[in-house]
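What follows is one structure encoded as structure tokens, with my remarks underneath.
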Amino acid sequence: MRNVMNRGAFFSKSLSLVPSFTPPHLPFFHHRSAAASSPNRAIHCMANDSPLSQPNPSGDGSVSVPPASSASSAIDFLSLCSRLKTTPREGWVKRDVKNPESIADHMYRMGLMALVSSDIPGVNRDKCMKMAIVHDIAEAIVGDITPSCGVSKEEKNRRESEALEHMCKLLGGGERAEEIAELWREYEANASPEAKVVKDFDKLEMILQALEYEQEQGKDLEEFFQSTAGKFQTDIGKAWALEIASRRRKQQ
């Protein structure tokens with residue numbers, strides 16, 4: 001599901017826009033990310049000597065005020081992420097859906113899915129919520145690249161990996177940036193029980209949204225249901241998909 005803009009043009013335009021958020025000492029994409037060739041490889045995030053909060057050296061247990069540079073990095077990062085709120089999901093745009101959801105809309109409801117889901121043995125729900133709001137974060141720079149865009153999986157991963165590396169540096173590196181990068185890598189690699197649950201939430205959110213657009217706009221979005229059929233990896237994914245399918249049959 002991806003941005004309506006031309007892939008090559010959008011990516012080039014995105015690269016020209018990003019430096020306005022970038023401190024002078026962090027040139028954008030100065031080298032290819034270590035993760036560019038594989039989602040399993042680490043994305044390097046520069047260490048930060050000024051974490052967002054530090055124990056007060058006086059030892060009285062209080063927390064010192066975050067340095068101005070940390071506040072600046074956080075706001076730069078959040079300002080870049082605002083694009084997620086304004087970039088529509090490509091699949092809906094191509095099907096002429098009116099007022100299509102944004103990338104941020106999609107990730108937010110995935111986060112809610114993790115919040116309201118039942119406890120699953122061996123699955124950390126808090127981690128699922130974090131992963132849900134991180135998994136498409138690189139699209140703030142590269143846009144919503146879908147199979148119909150003609151971009152290979154390898155090239156898509158390269159673009160998103162480099163974008164994520166830039167975003168981590170923009171955030172100032174350190175613990176929070178490393179956490180974001182690790183969550184993204186884990187999701188991309190489908191490398192944990194949490195990643196499998198969140199990947200199912202990704203599909204579930206899409207077909208639930210498709211059902212709602214069919215109800216609200218009289219669309220036939222069968223292709224979205226077909227694209228996810230038989231691809232759910234978890235019991236919760238399968239159960240929720242059956243419930244959505246049941247509701248769709250009742251409205252037909």
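All residue names refer to the structure tokens as shown: chains lettered A, B, ... in order, residues numbered from 1 in each chain, ligands numbered from 1 in order.
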DSSP on the backbone, then: every residue of stretch 108-192 of chain A marked alpha helix (DSSP H), written as a PyMOL selection string.
chain A and resi 108-116+125-132+139-142+153-170+174-189
Per residue of stretch 85-190 of chain A within 9 Å of stretch 201-212 of chain A, what are the shortest atom pair and its distance in Å to one decimal, counting only C-alpha atoms, with rows by chain and residue number, as a Markdown table?
| residue | atom | partner | partner_atom | distance |
| --- | --- | --- | --- | --- |
| A:Trp92 | CA | A:Ala210 | CA | 8.6 |
| A:Glu101 | CA | A:Gln209 | CA | 8.6 |
| A:His106 | CA | A:Glu205 | CA | 6.9 |
| A:Met107 | CA | A:Asp202 | CA | 8.1 |
| A:Arg109 | CA | A:Glu205 | CA | 7.0 |
| A:Met110 | CA | A:Phe201 | CA | 5.8 |
| A:Gly111 | CA | A:Phe201 | CA | 8.7 |
| A:Met113 | CA | A:Phe201 | CA | 6.9 |
| A:Ala114 | CA | A:Phe201 | CA | 7.9 |
| A:Ala132 | CA | A:Asp202 | CA | 8.1 |
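For the set A:Ile141, A:Ser102, A:Arg185, A:Gln251, the residue with the smallest atom-to-atom gap to A:Pro88 is A:Ser102, counting only C-alpha atoms.
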